[in-house]
file input-v7.cif (mmCIF, C-alpha atoms)
data_my_file
#
loop_
_atom_site.group_PDB
_atom_site.id
_atom_site.type_symbol
_atom_site.label_atom_id
_atom_site.label_comp_id
_atom_site.auth_asym_id
_atom_site.auth_seq_id
_atom_site.Cartn_x
_atom_site.Cartn_y
_atom_site.Cartn_z
ATOM 1 C CA MET P 1 133.233 69.625 37.318
ATOM 2 C CA SER P 2 132.817 70.399 41.011
ATOM 3 C CA GLU P 3 132.059 67.787 43.662
ATOM 4 C CA LYS P 4 128.702 69.459 44.326
ATOM 5 C CA GLU P 5 127.771 69.056 40.650
ATOM 6 C CA LEU P 6 128.743 65.363 40.538
ATOM 7 C CA GLU P 7 125.878 64.222 42.730
ATOM 8 C CA PRO P 8 123.053 65.587 40.498
ATOM 9 C CA ILE P 9 124.831 64.533 37.288
ATOM 10 C CA GLY P 10 125.331 61.051 38.713
ATOM 11 C CA LEU P 11 121.643 60.850 39.599
ATOM 12 C CA LEU P 12 120.619 61.895 36.090
ATOM 13 C CA ARG P 13 122.856 59.168 34.660
ATOM 14 C CA ALA P 14 121.569 56.580 37.136
ATOM 15 C CA LYS P 15 118.001 57.356 36.022
ATOM 16 C CA GLY P 16 119.015 56.894 32.397
ATOM 17 C CA LYS P 17 118.674 60.572 31.528
ATOM 18 C CA ARG P 18 120.946 62.243 29.013
ATOM 19 C CA ILE P 19 123.393 64.830 30.315
ATOM 20 C CA THR P 20 122.848 67.566 27.773
ATOM 21 C CA PRO P 21 124.730 70.873 27.846
ATOM 22 C CA GLN P 22 121.386 72.594 28.466
ATOM 23 C CA ARG P 23 120.542 70.440 31.502
ATOM 24 C CA ARG P 24 124.022 70.859 32.919
ATOM 25 C CA LEU P 25 123.848 74.653 32.448
ATOM 26 C CA ILE P 26 120.385 75.035 34.016
ATOM 27 C CA LEU P 27 121.415 72.960 37.011
ATOM 28 C CA GLN P 28 124.618 74.972 37.356
ATOM 29 C CA ILE P 29 122.716 78.279 37.287
ATOM 30 C CA ILE P 30 120.361 77.130 40.036
ATOM 31 C CA GLN P 31 123.211 75.807 42.186
ATOM 32 C CA GLU P 32 125.329 78.937 41.757
ATOM 33 C CA HIS P 33 122.508 81.340 42.572
ATOM 34 C CA LYS P 34 121.866 79.886 46.049
ATOM 35 C CA GLY P 35 118.435 81.433 46.126
ATOM 36 C CA HIS P 36 115.152 81.416 44.277
ATOM 37 C CA LEU P 37 114.885 81.923 40.531
ATOM 38 C CA ASN P 38 111.853 81.683 38.290
ATOM 39 C CA ALA P 39 111.992 80.069 34.854
ATOM 40 C CA ASP P 40 112.315 83.416 33.072
ATOM 41 C CA GLU P 41 115.303 84.399 35.223
ATOM 42 C CA ILE P 42 116.957 81.026 34.623
ATOM 43 C CA HIS P 43 116.304 81.365 30.888
ATOM 44 C CA LEU P 44 117.785 84.873 30.798
ATOM 45 C CA ARG P 45 120.957 83.774 32.600
ATOM 46 C CA ALA P 46 121.294 80.631 30.494
ATOM 47 C CA LYS P 47 120.952 82.535 27.207
ATOM 48 C CA GLU P 48 124.085 84.499 28.087
ATOM 49 C CA ARG P 49 126.075 81.266 27.727
ATOM 50 C CA TYR P 50 123.809 79.301 25.392
ATOM 51 C CA PRO P 51 121.988 81.832 23.143
ATOM 52 C CA ARG P 52 119.825 79.284 21.301
ATOM 53 C CA LEU P 53 118.282 77.841 24.501
ATOM 54 C CA SER P 54 114.480 78.035 24.411
ATOM 55 C CA LEU P 55 112.195 78.808 27.334
ATOM 56 C CA SER P 56 110.346 75.528 26.723
ATOM 57 C CA THR P 57 113.634 73.635 27.203
ATOM 58 C CA VAL P 58 114.075 75.433 30.522
ATOM 59 C CA TYR P 59 110.567 74.397 31.640
ATOM 60 C CA ARG P 60 111.053 70.774 30.543
ATOM 61 C CA THR P 61 114.420 70.616 32.302
ATOM 62 C CA LEU P 62 112.987 72.142 35.474
ATOM 63 C CA ASP P 63 110.173 69.569 35.441
ATOM 64 C CA LEU P 64 112.695 66.746 35.101
ATOM 65 C CA LEU P 65 114.978 68.113 37.817
ATOM 66 C CA ARG P 66 111.973 68.561 40.123
ATOM 67 C CA GLU P 67 110.721 65.014 39.480
ATOM 68 C CA LEU P 68 114.175 63.656 40.330
ATOM 69 C CA GLY P 69 114.330 65.743 43.496
ATOM 70 C CA LEU P 70 117.314 67.776 42.321
ATOM 71 C CA VAL P 71 115.495 71.093 42.566
ATOM 72 C CA LYS P 72 112.620 72.223 44.708
ATOM 73 C CA GLU P 73 109.750 74.123 43.152
ATOM 74 C CA LEU P 74 108.195 76.791 45.317
ATOM 75 C CA GLY P 75 104.746 78.100 44.470
ATOM 76 C CA LEU P 76 105.130 81.233 46.529
ATOM 77 C CA THR P 77 102.208 83.533 47.208
ATOM 78 C CA THR P 78 103.495 85.947 44.580
ATOM 79 C CA GLY P 79 101.811 83.692 42.010
ATOM 80 C CA ARG P 80 105.053 82.693 40.312
ATOM 81 C CA ARG P 81 106.928 79.441 40.559
ATOM 82 C CA TYR P 82 110.470 79.664 41.867
ATOM 83 C CA TYR P 83 113.190 77.040 41.909
ATOM 84 C CA GLU P 84 116.052 76.393 44.273
ATOM 85 C CA ALA P 85 118.702 73.719 44.479
ATOM 86 C CA ARG P 86 117.610 70.819 46.647
ATOM 87 C CA PRO P 87 118.046 72.231 50.127
ATOM 88 C CA ARG P 88 120.434 70.370 52.431
ATOM 89 C CA ASP P 89 118.699 71.702 55.521
ATOM 90 C CA GLU P 90 115.100 72.547 56.320
ATOM 91 C CA HIS P 91 114.516 76.280 56.005
ATOM 92 C CA GLN P 92 111.677 78.753 55.977
ATOM 93 C CA HIS P 93 110.888 81.838 53.913
ATOM 94 C CA LEU P 94 110.077 85.485 54.527
ATOM 95 C CA ILE P 95 108.196 86.746 51.462
ATOM 96 C CA CYS P 96 107.694 90.415 50.630
ATOM 97 C CA LEU P 97 104.196 91.077 49.325
ATOM 98 C CA GLY P 98 105.417 94.300 47.722
ATOM 99 C CA CYS P 99 108.384 93.291 45.579
ATOM 100 C CA GLY P 100 108.378 89.480 45.848
ATOM 101 C CA LYS P 101 111.762 89.308 47.582
ATOM 102 C CA VAL P 102 112.365 85.986 49.333
ATOM 103 C CA ILE P 103 114.617 85.668 52.366
ATOM 104 C CA GLU P 104 115.545 82.240 53.699
ATOM 105 C CA PHE P 105 116.009 81.597 57.386
ATOM 106 C CA GLN P 106 116.364 78.585 59.649
ATOM 107 C CA CYS P 107 114.326 78.138 62.784
ATOM 108 C CA ALA P 108 115.509 75.388 65.125
ATOM 109 C CA HIS P 109 112.351 75.917 67.171
ATOM 110 C CA CYS P 110 110.249 74.942 64.126
ATOM 111 C CA LEU P 111 111.859 71.498 64.028
ATOM 112 C CA ASP P 112 110.958 70.984 67.690
ATOM 113 C CA VAL P 113 107.358 72.040 67.050
ATOM 114 C CA HIS P 114 107.125 69.671 64.078
ATOM 115 C CA GLN P 115 108.414 66.768 66.157
ATOM 116 C CA ASP P 116 106.000 67.566 69.015
ATOM 117 C CA LEU P 117 103.071 67.664 66.582
ATOM 118 C CA ALA P 118 104.159 64.418 64.960
ATOM 119 C CA ASP P 119 104.393 62.730 68.360
ATOM 120 C CA GLN P 120 101.027 64.083 69.538
ATOM 121 C CA HIS P 121 99.168 62.969 66.439
ATOM 122 C CA GLY P 122 101.133 59.884 65.408
ATOM 123 C CA PHE P 123 101.885 61.684 62.172
ATOM 124 C CA GLN P 124 104.911 61.031 59.986
ATOM 125 C CA ILE P 125 105.988 64.440 58.698
ATOM 126 C CA MET P 126 107.782 64.243 55.371
ATOM 127 C CA GLY P 127 108.478 67.933 54.997
ATOM 128 C CA SER P 128 107.105 71.347 55.706
ATOM 129 C CA ARG P 129 106.691 74.711 54.128
ATOM 130 C CA ILE P 130 106.601 77.842 56.226
ATOM 131 C CA GLU P 131 106.142 81.190 54.540
ATOM 132 C CA LEU P 132 105.899 84.367 56.563
ATOM 133 C CA LEU P 133 104.288 87.159 54.562
ATOM 134 C CA GLY P 134 104.920 90.847 54.982
ATOM 135 C CA TYR P 135 106.945 93.739 53.625
ATOM 136 C CA CYS P 136 110.718 94.087 53.351
ATOM 137 C CA PRO P 137 112.410 97.235 54.719
ATOM 138 C CA GLU P 138 112.697 98.757 51.236
ATOM 139 C CA CYS P 139 108.952 98.370 50.552
ATOM 140 C CA VAL P 140 108.044 99.680 54.013
ATOM 141 C CA LYS P 141 110.260 102.706 53.414
ATOM 142 C CA ARG P 142 108.785 103.218 49.938
ATOM 143 C CA SER P 143 105.218 103.076 51.298
ATOM 144 C CA ARG P 144 106.056 105.623 54.026
ATOM 145 C CA LEU P 145 107.508 107.954 51.406
ATOM 146 C CA CYS P 146 104.328 107.642 49.342
ATOM 147 C CA SER P 147 102.009 107.996 52.383
ATOM 148 C CA PRO P 148 103.659 110.194 55.025
ATOM 149 C CA SER P 149 100.682 109.680 57.356
ATOM 150 C CA LEU P 150 101.780 106.036 57.811
ATOM 151 C CA ALA P 151 105.117 107.058 59.339
#
call {"tool": "encode", "arguments": {"input": "input-v7.cif", "output": "C-alpha cells"}}
result
Amino acid sequence: MSEKELEPIGLLRAKGKRITPQRRLILQIIQEHKGHLNADEIHLRAKERYPRLSLSTVYRTLDLLRELGLVKELGLTTGRRYYEARPRDEHQHLICLGCGKVIEFQCAHCLDVHQDLADQHGFQIMGSRIELLGYCPECVKRSRLCSPSLA
C-alpha cells in the first residue's frame, strides 16, 4: 500500500468504516486517474478488476468518500457529476461545452482576488469553484470543418 493511500484508509478506519476491497479499489481508481471521472467511468474501470462490483456500490462508496472529504464531487455544467481525489491545492477548471473535457489549471492571481474580497467584506472564504466555459481546440476545429464559414 502506498503512502498516499494510507491517509484515506486511515481516515476510513478512524471513522469506524470498514475497509472493503470495493472501497479500496474505487479510491485507488480515483487517485490513479488524477483527473475527473464520473460514476460510470469508475464502475467500468473497477469491473476490470472486480467483475461483480455493482454500480450502486460505486455510488454508495462515492457518497461515503465525499462525506469524509476524501473525494470532491464536481457538478460540472455538463450535467454529470464527476469525482476527483481530494485536491491538495486550489485549482480551477476549463470545461469544454462540446465534448465535456475538463482541464485543470492553477491561478495564483485568483487566490489574491479571493483574499482581497474576503478582506473587503469581512468574509471567511472556505473554498471556491471557478469554471471557465468554452470549446477545446478539437471541438473548435471540428466545428470549423462542419461550418467552413466560421473559419
call {"tool": "closest_residue", "arguments": {"input": "input-v7.cif", "among": "P:Leu55, P:Ile26, P:Leu74, P:Ile103", "to": "Asp40 of chain P", "atoms": "all atoms listed in the file"}}
result
P:Leu55
call {"tool": "closest_residue", "arguments": {"input": "input-v7.cif", "among": "P:Leu44, P:Ala39, P:Val140, P:Cys107", "to": "Arg60 of chain P", "atoms": "all atoms listed in the file"}}
result
P:Ala39
call {"tool": "atom_distance", "arguments": {"input": "input-v7.cif", "atom1": "atom CA of Val71 of chain P", "atom2": "atom CA of Tyr83 of chain P"}}
result
6.4 Å
call {"tool": "resolve_selection", "arguments": {"input": "input-v7.cif", "expression": "the PyMOL selection byres ((chain P and resi 92) around 12)", "output": "list of chain:residue names"}}
result
P:Leu74, P:Leu76, P:Pro87, P:Asp89, P:Glu90, P:His91, P:His93, P:Leu94, P:Ile95, P:Val102, P:Ile103, P:Glu104, P:Phe105, P:Gln106, P:Cys107, P:Ala108, P:His109, P:Cys110, P:Leu111, P:Gly127, P:Ser128, P:Arg129, P:Ile130, P:Glu131, P:Leu132, P:Leu133
call {"tool": "atom_distance", "arguments": {"input": "input-v7.cif", "atom1": "atom CA of Ile9 of chain P", "atom2": "atom CA of Pro51 of chain P"}}
result
22.5 Å
call {"tool": "axis_aligned_box", "arguments": {"input": "input-v7.cif", "around": "segment 43-59 of chain P", "padding_each_side": "8 Å", "output": "JSON"}}
result
{"center_x": 118.2, "center_y": 79.3, "center_z": 27.0, "size_x": 31.7, "size_y": 27.2, "size_z": 27.3}
call {"tool": "atom_distance", "arguments": {"input": "input-v7.cif", "atom1": "atom CA of His33 of chain P", "atom2": "atom CA of Glu73 of chain P"}}
result
14.7 Å
call {"tool": "closest_residue", "arguments": {"input": "input-v7.cif", "among": "P:Cys96, P:Ala46, P:Leu117, P:Leu53", "to": "Leu25 of chain P", "atoms": "all atoms listed in the file"}}
result
P:Ala46
call {"tool": "residues_around", "arguments": {"input": "input-v7.cif", "residues": "Glu84 of chain P", "least_positions_apart": "6", "cutoff": "6 Å", "atoms": "all atoms listed in the file", "output": "list in words"}}
result
Gly35, His36, Val71 and Lys72 of chain P
call {"tool": "closest_residue", "arguments": {"input": "input-v7.cif", "among": "P:Ala85, P:Ala14, P:Leu70, P:Ile42", "to": "Thr57 of chain P", "atoms": "all atoms listed in the file"}}
result
P:Ile42
call {"tool": "closest_residue", "arguments": {"input": "input-v7.cif", "among": "P:Gln115, P:Gln22, P:Gln28, P:Gln124", "to": "Tyr50 of chain P", "atoms": "all atoms listed in the file"}}
result
P:Gln22
call {"tool": "closest_residue", "arguments": {"input": "input-v7.cif", "among": "P:Leu65, P:Leu37, P:Leu97, P:Met126", "to": "Arg23 of chain P", "atoms": "all atoms listed in the file"}}
result
P:Leu65
